[in-house]
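J.: Please find query.cif (mmCIF, C-alpha atoms) on the next line:
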```cif
data_work
loop_
_atom_site.label_atom_id
_atom_site.label_comp_id
_atom_site.auth_asym_id
_atom_site.auth_seq_id
_atom_site.Cartn_x
_atom_site.Cartn_y
_atom_site.Cartn_z
CA MET A 1 -21.53 24.91 28.59
CA TRP A 2 -18.21 23.26 29.48
CA LYS A 3 -18.24 24.91 32.91
CA LYS A 4 -21.71 23.51 33.56
CA VAL A 5 -20.60 19.99 32.62
CA LEU A 6 -17.49 20.26 34.78
CA GLY A 7 -19.47 21.67 37.71
CA GLY A 8 -22.18 19.06 37.22
CA ALA A 9 -19.68 16.18 37.43
CA LEU A 10 -18.22 17.60 40.66
CA ALA A 11 -21.69 18.27 42.10
CA LEU A 12 -22.77 14.69 41.32
CA ALA A 13 -19.70 13.28 43.08
CA THR A 14 -20.23 15.55 46.09
CA ALA A 15 -23.92 14.62 46.31
CA ALA A 16 -23.07 10.90 46.27
CA TRP A 17 -20.53 11.44 49.07
CA LEU A 18 -23.04 13.44 51.15
CA MET A 19 -25.71 10.76 50.75
CA ALA A 20 -23.22 8.18 51.99
CA LEU A 21 -22.78 10.26 55.16
CA TRP A 22 -26.48 10.19 55.98
CA VAL A 23 -27.06 6.50 55.42
CA PRO A 24 -27.51 4.81 58.84
CA GLN A 25 -24.24 3.21 59.89
CA PRO A 26 -23.16 0.97 62.82
CA ALA A 27 -21.01 3.84 64.11
CA PRO A 28 -22.50 7.37 63.76
CA PRO A 29 -20.38 10.13 62.16
CA ALA A 30 -17.77 11.49 64.56
CA TRP A 31 -18.19 15.15 63.58
CA GLY A 32 -15.58 16.36 66.08
CA ASP A 33 -12.91 13.78 65.21
CA VAL A 34 -10.17 15.12 62.95
CA TRP A 35 -9.31 11.57 61.82
CA TRP A 36 -12.89 10.99 60.74
CA TRP A 37 -12.80 14.20 58.72
CA ARG A 38 -9.48 13.18 57.14
CA ASN A 39 -10.99 9.89 56.05
CA GLN A 40 -14.07 11.59 54.62
CA LEU A 41 -11.99 14.13 52.69
CA ILE A 42 -9.94 11.26 51.25
CA LEU A 43 -13.19 9.70 50.02
CA LEU A 44 -14.56 13.01 48.68
CA THR A 45 -11.40 13.92 46.74
CA GLY A 46 -11.14 10.35 45.50
CA VAL A 47 -14.67 10.04 44.13
CA SER A 48 -14.52 13.57 42.65
CA ALA A 49 -11.20 12.89 40.90
CA TRP A 50 -12.59 9.58 39.61
CA ALA A 51 -15.71 11.26 38.17
CA LEU A 52 -13.52 13.75 36.28
CA MET A 53 -11.07 11.06 35.13
CA SER A 54 -13.96 9.06 33.70
CA LEU A 55 -15.33 12.18 31.99
CA ILE A 56 -11.89 12.67 30.40
CA MET A 57 -11.93 9.12 29.02
CA VAL A 58 -15.39 9.64 27.48
CA LEU A 59 -14.26 12.88 25.82
CA ALA A 60 -11.03 11.25 24.62
CA VAL A 61 -12.88 8.89 22.26
CA ARG A 62 -14.47 11.87 20.45
CA PRO A 63 -18.11 10.69 20.60
CA ALA A 64 -20.13 12.24 17.78
CA TRP A 65 -23.28 12.49 19.92
CA LEU A 66 -21.56 14.96 22.27
CA GLU A 67 -20.54 17.46 19.57
CA LYS A 68 -23.73 19.50 19.42
CA PRO A 69 -24.44 19.56 23.18
CA LEU A 70 -20.87 20.80 23.79
CA ASP A 71 -20.94 23.14 20.75
CA GLY A 72 -18.26 21.33 18.78
CA LEU A 73 -15.21 19.16 19.32
CA ASP A 74 -13.05 22.23 19.93
CA LYS A 75 -15.15 23.08 23.01
CA SER A 76 -15.03 19.41 24.01
CA TYR A 77 -11.23 19.59 24.05
CA ARG A 78 -11.38 22.62 26.34
CA LEU A 79 -13.59 20.62 28.72
CA HIS A 80 -11.16 17.69 28.39
CA LYS A 81 -8.25 19.94 29.35
CA TRP A 82 -9.88 21.51 32.41
CA ALA A 83 -11.38 18.23 33.58
CA GLY A 84 -7.85 16.81 33.37
CA ILE A 85 -6.40 19.67 35.40
CA GLY A 86 -9.18 19.32 37.96
CA ALA A 87 -8.79 15.54 38.20
CA ILE A 88 -5.03 15.75 38.74
CA VAL A 89 -5.34 18.51 41.36
CA LEU A 90 -7.95 16.45 43.24
CA ALA A 91 -5.82 13.31 42.90
CA LEU A 92 -2.84 15.15 44.40
CA LEU A 93 -5.02 16.38 47.28
CA HIS A 94 -6.27 12.81 47.73
CA TYR A 95 -2.70 11.52 47.89
CA GLY A 96 -1.58 14.41 50.12
CA LEU A 97 -4.30 13.55 52.64
CA GLN A 98 -3.03 9.97 52.66
CA LEU A 99 0.51 11.21 53.36
CA SER A 100 -0.71 13.47 56.19
CA ARG A 101 -1.04 10.56 58.63
CA SER A 102 2.35 11.01 60.36
CA LEU A 103 2.01 14.79 60.59
CA LEU A 104 -1.51 14.54 61.94
CA ALA A 105 -0.51 11.86 64.45
CA ALA A 106 2.22 14.14 65.81
CA TRP A 107 -0.33 16.95 66.14
CA VAL A 108 -3.43 15.25 67.62
CA GLY A 109 -2.21 11.77 68.51
CA ARG A 110 -2.74 8.45 66.79
CA PRO A 111 -6.28 7.43 65.85
CA VAL A 112 -8.19 4.72 67.65
CA ARG A 113 -7.99 1.61 65.50
CA THR A 114 -11.34 0.19 64.39
CA PRO A 115 -11.78 -3.26 62.87
CA ARG A 116 -11.80 -3.20 59.07
CA ALA A 117 -14.94 -4.53 57.42
CA ASP A 118 -14.62 -8.06 56.15
CA TRP A 119 -14.31 -7.59 52.38
CA TRP A 120 -12.98 -10.06 49.83
CA LEU A 121 -10.90 -7.36 48.09
CA ASN A 122 -8.98 -6.48 51.25
CA THR A 123 -6.10 -8.76 50.23
CA LEU A 124 -5.46 -6.41 47.28
CA ARG A 125 -5.49 -3.16 49.26
CA HIS A 126 -1.71 -2.78 49.55
CA LEU A 127 -1.18 -3.39 45.82
CA ALA A 128 -4.01 -0.98 44.92
CA GLU A 129 -2.51 1.74 47.14
CA GLU A 130 0.97 1.37 45.61
CA MET A 131 -0.36 1.38 42.04
CA GLY A 132 -2.45 4.46 42.79
CA GLU A 133 0.62 6.24 44.19
CA TRP A 134 2.67 5.65 41.02
CA ALA A 135 -0.29 6.65 38.85
CA VAL A 136 -0.66 9.97 40.68
CA TRP A 137 3.01 10.82 40.13
CA PHE A 138 2.63 10.07 36.43
CA LEU A 139 -0.45 12.32 36.26
CA ALA A 140 1.41 15.14 37.99
CA ALA A 141 4.24 14.87 35.45
CA MET A 142 1.70 14.87 32.58
CA LEU A 143 0.10 18.03 33.95
CA VAL A 144 3.46 19.83 33.94
CA ILE A 145 4.45 18.84 30.40
CA THR A 146 0.94 19.50 29.05
CA LEU A 147 0.95 23.05 30.38
CA TRP A 148 4.52 23.51 29.14
CA GLN A 149 3.62 24.37 25.55
CA ARG A 150 7.24 24.15 24.34
CA PHE A 151 7.43 20.45 25.18
CA PRO A 152 7.71 18.56 21.83
CA TYR A 153 4.27 17.59 20.58
CA HIS A 154 5.28 14.25 19.08
CA VAL A 155 6.75 13.12 22.44
CA TRP A 156 3.76 14.47 24.38
CA ARG A 157 1.41 12.58 22.04
CA TYR A 158 2.91 9.20 22.93
CA LEU A 159 2.96 9.99 26.65
CA HIS A 160 -0.64 11.15 26.44
CA LYS A 161 -1.65 7.78 24.96
CA LEU A 162 -0.34 6.11 28.13
CA LEU A 163 -3.13 7.82 30.09
CA ALA A 164 -5.48 5.04 28.99
CA VAL A 165 -3.18 2.53 30.73
CA VAL A 166 -3.00 4.81 33.79
CA TYR A 167 -6.80 4.93 33.84
CA LEU A 168 -6.99 1.12 33.95
CA VAL A 169 -4.52 1.13 36.86
CA LEU A 170 -6.64 3.69 38.69
CA ALA A 171 -9.78 1.67 37.96
CA PHE A 172 -8.24 -1.19 39.92
CA HIS A 173 -7.32 1.28 42.69
CA ALA A 174 -10.86 2.72 42.80
CA VAL A 175 -12.72 -0.61 42.85
CA VAL A 176 -10.51 -2.19 45.53
CA LEU A 177 -10.44 0.84 47.86
CA THR A 178 -14.07 1.95 47.60
CA PRO A 179 -15.65 1.37 51.04
CA PRO A 180 -17.67 -1.90 50.98
CA ALA A 181 -20.77 -0.11 52.36
CA TRP A 182 -20.76 2.25 49.36
CA TRP A 183 -21.58 -0.50 46.87
CA ALA A 184 -25.17 -0.58 48.20
CA GLN A 185 -25.46 3.22 48.00
CA PRO A 186 -25.55 5.90 45.27
CA ALA A 187 -21.82 6.52 45.80
CA GLY A 188 -21.03 2.95 44.81
CA VAL A 189 -23.35 3.14 41.81
CA LEU A 190 -21.49 6.27 40.67
CA VAL A 191 -18.08 4.63 41.10
CA GLY A 192 -19.27 1.51 39.28
CA LEU A 193 -20.79 3.39 36.33
CA CYS A 194 -17.77 5.66 36.00
CA THR A 195 -15.46 2.66 36.05
CA LEU A 196 -17.46 0.64 33.52
CA VAL A 197 -17.79 3.50 31.02
CA GLY A 198 -14.23 4.70 31.52
CA VAL A 199 -12.70 1.23 31.11
CA LEU A 200 -14.63 0.68 27.87
CA CYS A 201 -13.33 4.01 26.56
CA ALA A 202 -9.76 3.23 27.66
CA VAL A 203 -9.84 -0.13 25.88
CA ARG A 204 -11.21 1.58 22.77
CA SER A 205 -8.35 4.07 22.90
CA LEU A 206 -5.69 1.37 23.33
CA ALA A 207 -7.19 -0.57 20.42
CA GLY A 208 -6.71 2.46 18.15
CA ALA A 209 -10.45 2.66 17.47
CA ILE A 210 -10.91 6.38 18.21
CA GLY A 211 -12.35 8.08 15.13
CA ARG A 212 -12.16 4.86 13.07
CA SER A 213 -15.67 5.30 11.64
CA ARG A 214 -14.74 8.81 10.48
CA ARG A 215 -11.38 7.91 8.99
CA HIS A 216 -10.84 8.24 5.23
CA ALA A 217 -7.96 7.53 2.89
CA ALA A 218 -7.00 10.39 0.58
CA ARG A 219 -4.28 11.53 -1.81
CA VAL A 220 -2.53 14.87 -1.98
CA VAL A 221 -3.51 16.51 -5.29
CA SER A 222 -1.50 19.71 -5.06
CA VAL A 223 0.72 21.69 -2.72
CA ALA A 224 1.02 25.45 -3.16
CA PRO A 225 2.70 28.11 -0.99
CA ARG A 226 0.58 31.11 -0.05
CA GLY A 227 2.84 33.90 1.11
CA ALA A 228 5.90 33.25 3.25
CA SER A 229 4.37 30.97 5.90
CA VAL A 230 1.13 29.42 4.61
CA LEU A 231 0.89 26.19 2.64
CA GLU A 232 -2.31 25.28 0.79
CA VAL A 233 -2.75 21.52 0.47
CA THR A 234 -5.49 20.03 -1.69
CA CYS A 235 -6.51 16.42 -1.03
CA GLN A 236 -8.88 14.02 -2.75
CA VAL A 237 -10.93 11.52 -0.74
CA ARG A 238 -11.83 8.25 -2.47
CA PRO A 239 -14.60 7.34 -2.91
CA ALA A 240 -15.87 10.91 -3.10
CA ARG A 241 -19.33 9.98 -1.81
CA ALA A 242 -17.76 8.89 1.51
CA TRP A 243 -17.06 12.49 2.49
CA ARG A 244 -19.47 15.29 3.42
CA HIS A 245 -18.70 18.39 5.44
CA THR A 246 -20.21 21.73 6.37
CA ALA A 247 -18.37 25.03 5.90
CA GLY A 248 -16.64 25.96 9.15
CA GLN A 249 -15.71 22.41 10.11
CA PHE A 250 -12.23 20.92 10.50
CA ALA A 251 -10.57 17.53 10.12
CA PHE A 252 -7.61 15.68 11.60
CA VAL A 253 -4.97 15.08 8.94
CA THR A 254 -2.12 12.58 9.27
CA PHE A 255 0.73 13.39 6.90
CA GLY A 256 3.12 11.01 8.69
CA LYS A 257 2.65 8.35 11.37
CA ALA A 258 5.52 9.65 13.50
CA GLU A 259 3.86 13.02 14.07
CA GLY A 260 0.28 11.74 14.11
CA ALA A 261 -2.94 13.58 13.35
CA HIS A 262 -3.25 17.36 13.52
CA PRO A 263 -6.46 19.40 13.21
CA PHE A 264 -6.83 21.82 10.28
CA THR A 265 -9.88 23.84 9.25
CA LEU A 266 -11.31 23.08 5.83
CA LEU A 267 -10.71 25.99 3.49
CA ASN A 268 -13.39 25.06 0.96
CA ALA A 269 -17.11 24.33 0.94
CA ASP A 270 -18.24 20.80 0.19
CA GLN A 271 -18.77 20.40 -3.56
CA GLY A 272 -19.72 16.73 -3.30
CA ASN A 273 -16.59 15.58 -5.14
CA GLY A 274 -14.39 14.64 -2.16
CA THR A 275 -11.99 17.56 -2.70
CA LEU A 276 -10.62 19.09 0.51
CA ARG A 277 -8.38 22.14 0.80
CA PHE A 278 -6.39 23.09 3.86
CA ALA A 279 -4.42 26.25 4.52
CA ILE A 280 -1.67 25.40 7.00
CA LYS A 281 0.43 28.05 8.69
CA ALA A 282 3.95 27.26 9.91
CA LEU A 283 3.41 27.63 13.65
CA GLY A 284 5.67 24.84 14.93
CA ASP A 285 8.18 22.15 14.00
CA HIS A 286 5.64 19.91 12.25
CA THR A 287 3.83 22.59 10.24
CA GLY A 288 7.11 24.34 9.47
CA GLN A 289 8.52 21.19 7.83
CA LEU A 290 5.44 20.31 5.78
CA PRO A 291 6.60 22.14 2.60
CA LEU A 292 9.58 19.74 2.50
CA GLN A 293 7.59 16.63 3.41
CA VAL A 294 4.24 16.81 1.59
CA GLN A 295 4.26 15.90 -2.09
CA PRO A 296 1.50 15.45 -4.71
CA GLY A 297 0.41 11.83 -4.90
CA GLN A 298 1.23 11.18 -1.26
CA ARG A 299 -1.33 9.20 0.75
CA VAL A 300 -2.80 10.88 3.81
CA ASP A 301 -5.36 9.83 6.40
CA ILE A 302 -8.19 12.24 7.11
CA GLU A 303 -10.53 11.93 10.09
CA GLY A 304 -13.67 14.00 10.35
CA PRO A 305 -15.38 16.25 9.80
CA TYR A 306 -15.72 17.81 13.23
CA GLY A 307 -16.96 21.12 14.60
CA CYS A 308 -20.14 23.19 14.93
CA PHE A 309 -18.77 26.62 13.91
CA ASP A 310 -21.80 27.36 11.73
CA PHE A 311 -23.24 30.88 11.28
CA ARG A 312 -26.59 29.41 10.15
CA SER A 313 -27.40 28.54 13.77
CA ASP A 314 -27.42 32.26 14.57
CA SER A 315 -30.71 34.21 14.64
CA ALA A 316 -29.09 37.65 15.05
CA PRO A 317 -30.23 40.25 12.48
CA GLU A 318 -26.60 41.00 11.56
CA GLN A 319 -23.26 39.34 12.14
CA VAL A 320 -19.67 40.49 12.57
CA TRP A 321 -17.10 38.02 11.27
CA VAL A 322 -13.56 38.52 12.61
CA ALA A 323 -10.96 36.58 10.63
CA ALA A 324 -7.53 37.03 12.21
CA GLY A 325 -4.57 35.68 10.21
CA ILE A 326 -4.92 31.98 9.44
CA GLY A 327 -8.27 32.19 11.26
CA ALA A 328 -9.73 33.31 7.95
CA THR A 329 -10.07 29.69 6.81
CA PRO A 330 -13.59 28.92 8.10
CA PHE A 331 -14.86 32.23 6.74
CA MET A 332 -13.43 31.45 3.32
CA ALA A 333 -15.38 28.20 3.34
CA TRP A 334 -18.53 30.04 4.45
CA LEU A 335 -18.19 32.60 1.66
CA GLU A 336 -17.65 29.85 -0.90
CA SER A 337 -20.70 27.92 0.33
CA LEU A 338 -22.93 30.98 -0.25
CA GLN A 339 -21.88 31.61 -3.86
CA SER A 340 -24.70 29.56 -5.38
CA THR A 341 -27.37 31.06 -3.08
CA PRO A 342 -26.37 34.69 -2.36
CA ALA A 343 -29.90 35.55 -1.24
CA LEU A 344 -29.43 33.26 1.78
CA ALA A 345 -26.36 35.14 2.99
CA PRO A 346 -26.93 37.03 6.27
CA ARG A 347 -26.08 40.68 6.73
CA VAL A 348 -22.38 40.46 7.54
CA HIS A 349 -19.53 42.82 8.39
CA LEU A 350 -16.37 40.81 7.64
CA HIS A 351 -13.08 42.01 9.12
CA TYR A 352 -9.88 40.38 7.87
CA CYS A 353 -7.15 41.29 10.36
CA VAL A 354 -3.47 40.80 9.46
CA ARG A 355 -0.18 42.48 10.28
CA HIS A 356 0.88 43.45 6.77
CA VAL A 357 0.11 42.91 3.07
CA GLY A 358 2.38 39.87 2.86
CA GLU A 359 0.29 38.10 5.50
CA ALA A 360 -3.01 38.81 3.74
CA VAL A 361 -2.83 35.62 1.66
CA PHE A 362 -6.61 35.36 1.32
CA ALA A 363 -7.33 39.02 0.57
CA GLU A 364 -7.78 38.75 -3.21
CA ARG A 365 -9.89 35.59 -3.11
CA MET A 366 -11.91 36.89 -0.18
CA ALA A 367 -12.68 40.16 -1.99
CA ALA A 368 -13.82 38.25 -5.09
CA LEU A 369 -16.17 36.05 -3.05
CA CYS A 370 -17.59 39.01 -1.13
CA ALA A 371 -18.22 40.91 -4.39
CA ARG A 372 -20.81 38.27 -5.33
CA LEU A 373 -22.59 38.58 -1.97
CA PRO A 374 -24.38 41.96 -1.70
CA SER A 375 -25.16 41.54 2.01
CA VAL A 376 -21.48 41.04 2.96
CA THR A 377 -19.12 43.99 3.44
CA LEU A 378 -15.37 43.45 3.74
CA ASP A 379 -12.76 45.46 5.63
CA ILE A 380 -9.07 44.50 5.70
CA HIS A 381 -6.99 45.77 8.61
CA TYR A 382 -3.17 45.99 8.56
CA SER A 383 -1.95 46.39 12.13
CA ASP A 384 1.63 47.29 11.14
CA ASP A 385 0.28 50.37 9.35
CA ALA A 386 -2.74 51.44 11.40
CA GLY A 387 -2.09 49.71 14.73
CA PRO A 388 -4.12 46.91 16.28
CA VAL A 389 -7.78 47.05 15.39
CA THR A 390 -9.99 47.79 18.41
CA PRO A 391 -13.24 46.02 19.39
CA SER A 392 -15.11 49.32 18.96
CA ALA A 393 -13.86 49.57 15.37
CA LEU A 394 -14.96 46.00 14.67
CA LEU A 395 -18.42 46.68 16.06
CA ALA A 396 -18.85 50.16 14.58
CA GLY A 397 -22.08 50.58 12.64
CA THR A 398 -23.72 47.50 14.11
CA SER A 399 -26.58 47.24 16.57
CA ASN A 400 -26.40 45.76 20.06
CA ALA A 401 -28.20 42.69 18.68
CA ALA A 402 -25.32 41.87 16.30
CA SER A 403 -23.43 38.66 16.96
CA VAL A 404 -19.68 38.18 16.62
CA TRP A 405 -18.06 35.14 15.01
CA PHE A 406 -14.34 34.99 15.71
CA CYS A 407 -11.46 32.77 14.61
CA GLY A 408 -7.88 33.75 15.45
CA PRO A 409 -5.38 34.08 18.32
CA GLN A 410 -6.74 33.59 21.83
CA GLY A 411 -5.40 36.91 23.13
CA PHE A 412 -7.22 38.81 20.38
CA ALA A 413 -10.38 36.81 21.13
CA GLU A 414 -10.28 37.83 24.80
CA ALA A 415 -9.79 41.48 23.83
CA VAL A 416 -12.84 41.36 21.54
CA ARG A 417 -14.93 39.58 24.19
CA GLN A 418 -14.00 42.14 26.86
CA GLY A 419 -14.59 44.98 24.41
CA MET A 420 -18.11 43.70 23.78
CA GLN A 421 -18.82 43.73 27.50
CA GLN A 422 -17.48 47.26 27.86
CA LEU A 423 -19.75 48.36 25.00
CA GLY A 424 -22.76 46.76 26.66
CA ARG A 425 -22.93 43.81 24.26
CA SER A 426 -23.96 40.40 25.55
CA PRO A 427 -21.06 37.89 25.75
CA ALA A 428 -23.57 35.21 24.73
CA ARG A 429 -23.42 36.71 21.22
CA PHE A 430 -19.70 35.94 20.93
CA HIS A 431 -18.92 32.73 19.03
CA GLN A 432 -15.36 31.46 18.79
CA GLU A 433 -13.53 28.62 17.08
CA LEU A 434 -11.15 27.25 19.72
CA PHE A 435 -8.14 25.63 18.15
CA GLN A 436 -6.13 24.69 21.22
CA MET A 437 -6.16 20.89 21.29
CA ARG A 438 -3.57 20.57 24.04
#
```
Written as structure tokens, that's how I'd like the structure from this file.

T.:
Amino acid sequence: MWKKVLGGALALATAAWLMALWVPQPAPPAWGDVWWWRNQLILLTGVSAWALMSLIMVLAVRPAWLEKPLDGLDKSYRLHKWAGIGAIVLALLHYGLQLSRSLLAAWVGRPVRTPRADWWLNTLRHLAEEMGEWAVWFLAAMLVITLWQRFPYHVWRYLHKLLAVVYLVLAFHAVVLTPPAWWAQPAGVLVGLCTLVGVLCAVRSLAGAIGRSRRHAARVVSVAPRGASVLEVTCQVRPARAWRHTAGQFAFVTFGKAEGAHPFTLLNADQGNGTLRFAIKALGDHTGQLPLQVQPGQRVDIEGPYGCFDFRSDSAPEQVWVAAGIGATPFMAWLESLQSTPALAPRVHLHYCVRHVGEAVFAERMAALCARLPSVTLDIHYSDDAGPVTPSALLAGTSNAASVWFCGPQGFAEAVRQGMQQLGRSPARFHQELFQMR
């Protein structure tokens, strides 16, 4: 779905640009003039980058109405990431075409100057061009540090917040430099709508209003280590009636303002009492320090719930659940949610994949929950003993109509997806919880 949205935004921008070409103009298109083509490519890359930048701003405010169409906030963040990469690449092409003037003049000669249309914003052109240049350099730097996963998250988070300011700068650049004739055409309508919606989202971001309606105050009830690297944190939302979630969802938890909110999957089903459990694995500086920082009685902020990782939306006659390491958390919540109605449980083959016994922190509890669900069978795989589990082993004994629900490392997910294709299984039956928010 995210590829369709990304492609649709680019197609819409391209269509608006093409329609602008065919609108009758005082001077007909100079199809053989390299300077004319340079100008048109500047406009095309500009409007395309602006459409993607505006899409990024809409996704940044985490609108609830987009969750289901995009199959969850985790998929929305993937779209946000690739739209950002696309926007920055197009913006760099846009700027590169602007810089090509001297090189092109040396190659084909200087262009014939034509009078500029009388436009009341022309006095701001030089300022808009300079501001756009600085904004593009900032975006290029953000692309590098975003893709550099070892860059400290807490520093990246503050730099990322500045993108709302950069968007407002680029909004000024876009409005001033849009050709005057476009404002009476579909291209101008697109630029105007993108700017209006994007500016509203940027202001909302700068005002700290993102997720405000889903934000809840809570207290840490207990903190318990699970194995060598997993910490189970239980929180209590007050008032309890303010919180409702579905098994498989996640929430953003803020343990400290300096680090900000981090997403964690809910380990438990909703019991209606405002109790939330999170299993947090030490995967970085922040999560590694939590055992020393989080104490019972501490106040935390919880935003959510988010996500559409819900097996009940699946009509397949049987399901394969692949829980890899800490990726077992949504499945634990699913199993718990079925305890009161075991007859509603689908036919499931649950595979809990870990490296060794010490990492299987959910094994005992998972086995107890599965024992009360006759339609669920459990297999635990220890890769240090038997080697990595193969996609064919995960799918053994299931029909081609079986669906796969996966939560775990991305590399393992790709191996399972490719294995399904090699076995003649439809990739459309592969469902994954994506937990890469950067």

J.: When you look at His349 in chain A with a cut-off of 12 Å (counting all atoms listed in the file), what residues show up, excluding the ones that are within fewer than 6 positions of it in the same chain? I need them as JSON, numbers by chain.

T.: {"A": [317, 318, 319, 320, 321, 322, 323, 331, 370, 373, 374, 375, 376, 377, 378, 379, 380, 393, 394, 395, 396, 397, 398, 399, 402, 403, 404, 405, 406]}

J.: Using only C-alpha atoms, pick whichever of A:Pro409, A:Val5, A:Leu52, A:Thr390 has the shortest atom-to-atom distance to Leu423 in chain A.

T.: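 Closest residue, counting only C-alpha atoms: A:Thr390.
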
J.: Work out how far apart CA of His94 in chain A and CA of Lys3 in chain A are and give it in Å to one decimal.

T.: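 Rounded to one decimal, the two atoms are 22.6 Å apart.
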
J.: Please evaluate the PyMOL selection byres ((chain A and resi 410) around 10) against the structure above and give the resulting residues as a PDB file with C-alpha atoms, keeping the file's coordinate frame.

T.:
```pdb
ATOM      1  CA  PHE A 406     -14.340  34.990  15.710  1.00  0.00           C
ATOM      2  CA  CYS A 407     -11.460  32.770  14.610  1.00  0.00           C
ATOM      3  CA  GLY A 408      -7.880  33.750  15.450  1.00  0.00           C
ATOM      4  CA  PRO A 409      -5.380  34.080  18.320  1.00  0.00           C
ATOM      5  CA  GLY A 411      -5.400  36.910  23.130  1.00  0.00           C
ATOM      6  CA  PHE A 412      -7.220  38.810  20.380  1.00  0.00           C
ATOM      7  CA  ALA A 413     -10.380  36.810  21.130  1.00  0.00           C
ATOM      8  CA  GLU A 414     -10.280  37.830  24.800  1.00  0.00           C
ATOM      9  CA  ALA A 415      -9.790  41.480  23.830  1.00  0.00           C
ATOM     10  CA  VAL A 416     -12.840  41.360  21.540  1.00  0.00           C
ATOM     11  CA  GLN A 432     -15.360  31.460  18.790  1.00  0.00           C
ATOM     12  CA  GLU A 433     -13.530  28.620  17.080  1.00  0.00           C
ATOM     13  CA  LEU A 434     -11.150  27.250  19.720  1.00  0.00           C
ATOM     14  CA  PHE A 435      -8.140  25.630  18.150  1.00  0.00           C
ATOM     15  CA  GLN A 436      -6.130  24.690  21.220  1.00  0.00           C
TER      16      GLN A 436
END
```

J.: Run the PyMOL selection byres ((chain A and resi 80-91) around 10) mentally over the shown coordinates, then write out the matched residues as number ranges by chain, using the chain letters and numbers from the document.

T.: A: 2-3, 5-7, 9-10, 42, 44-60, 74-79, 92-97, 132-133, 135-144, 146-147, 436-438
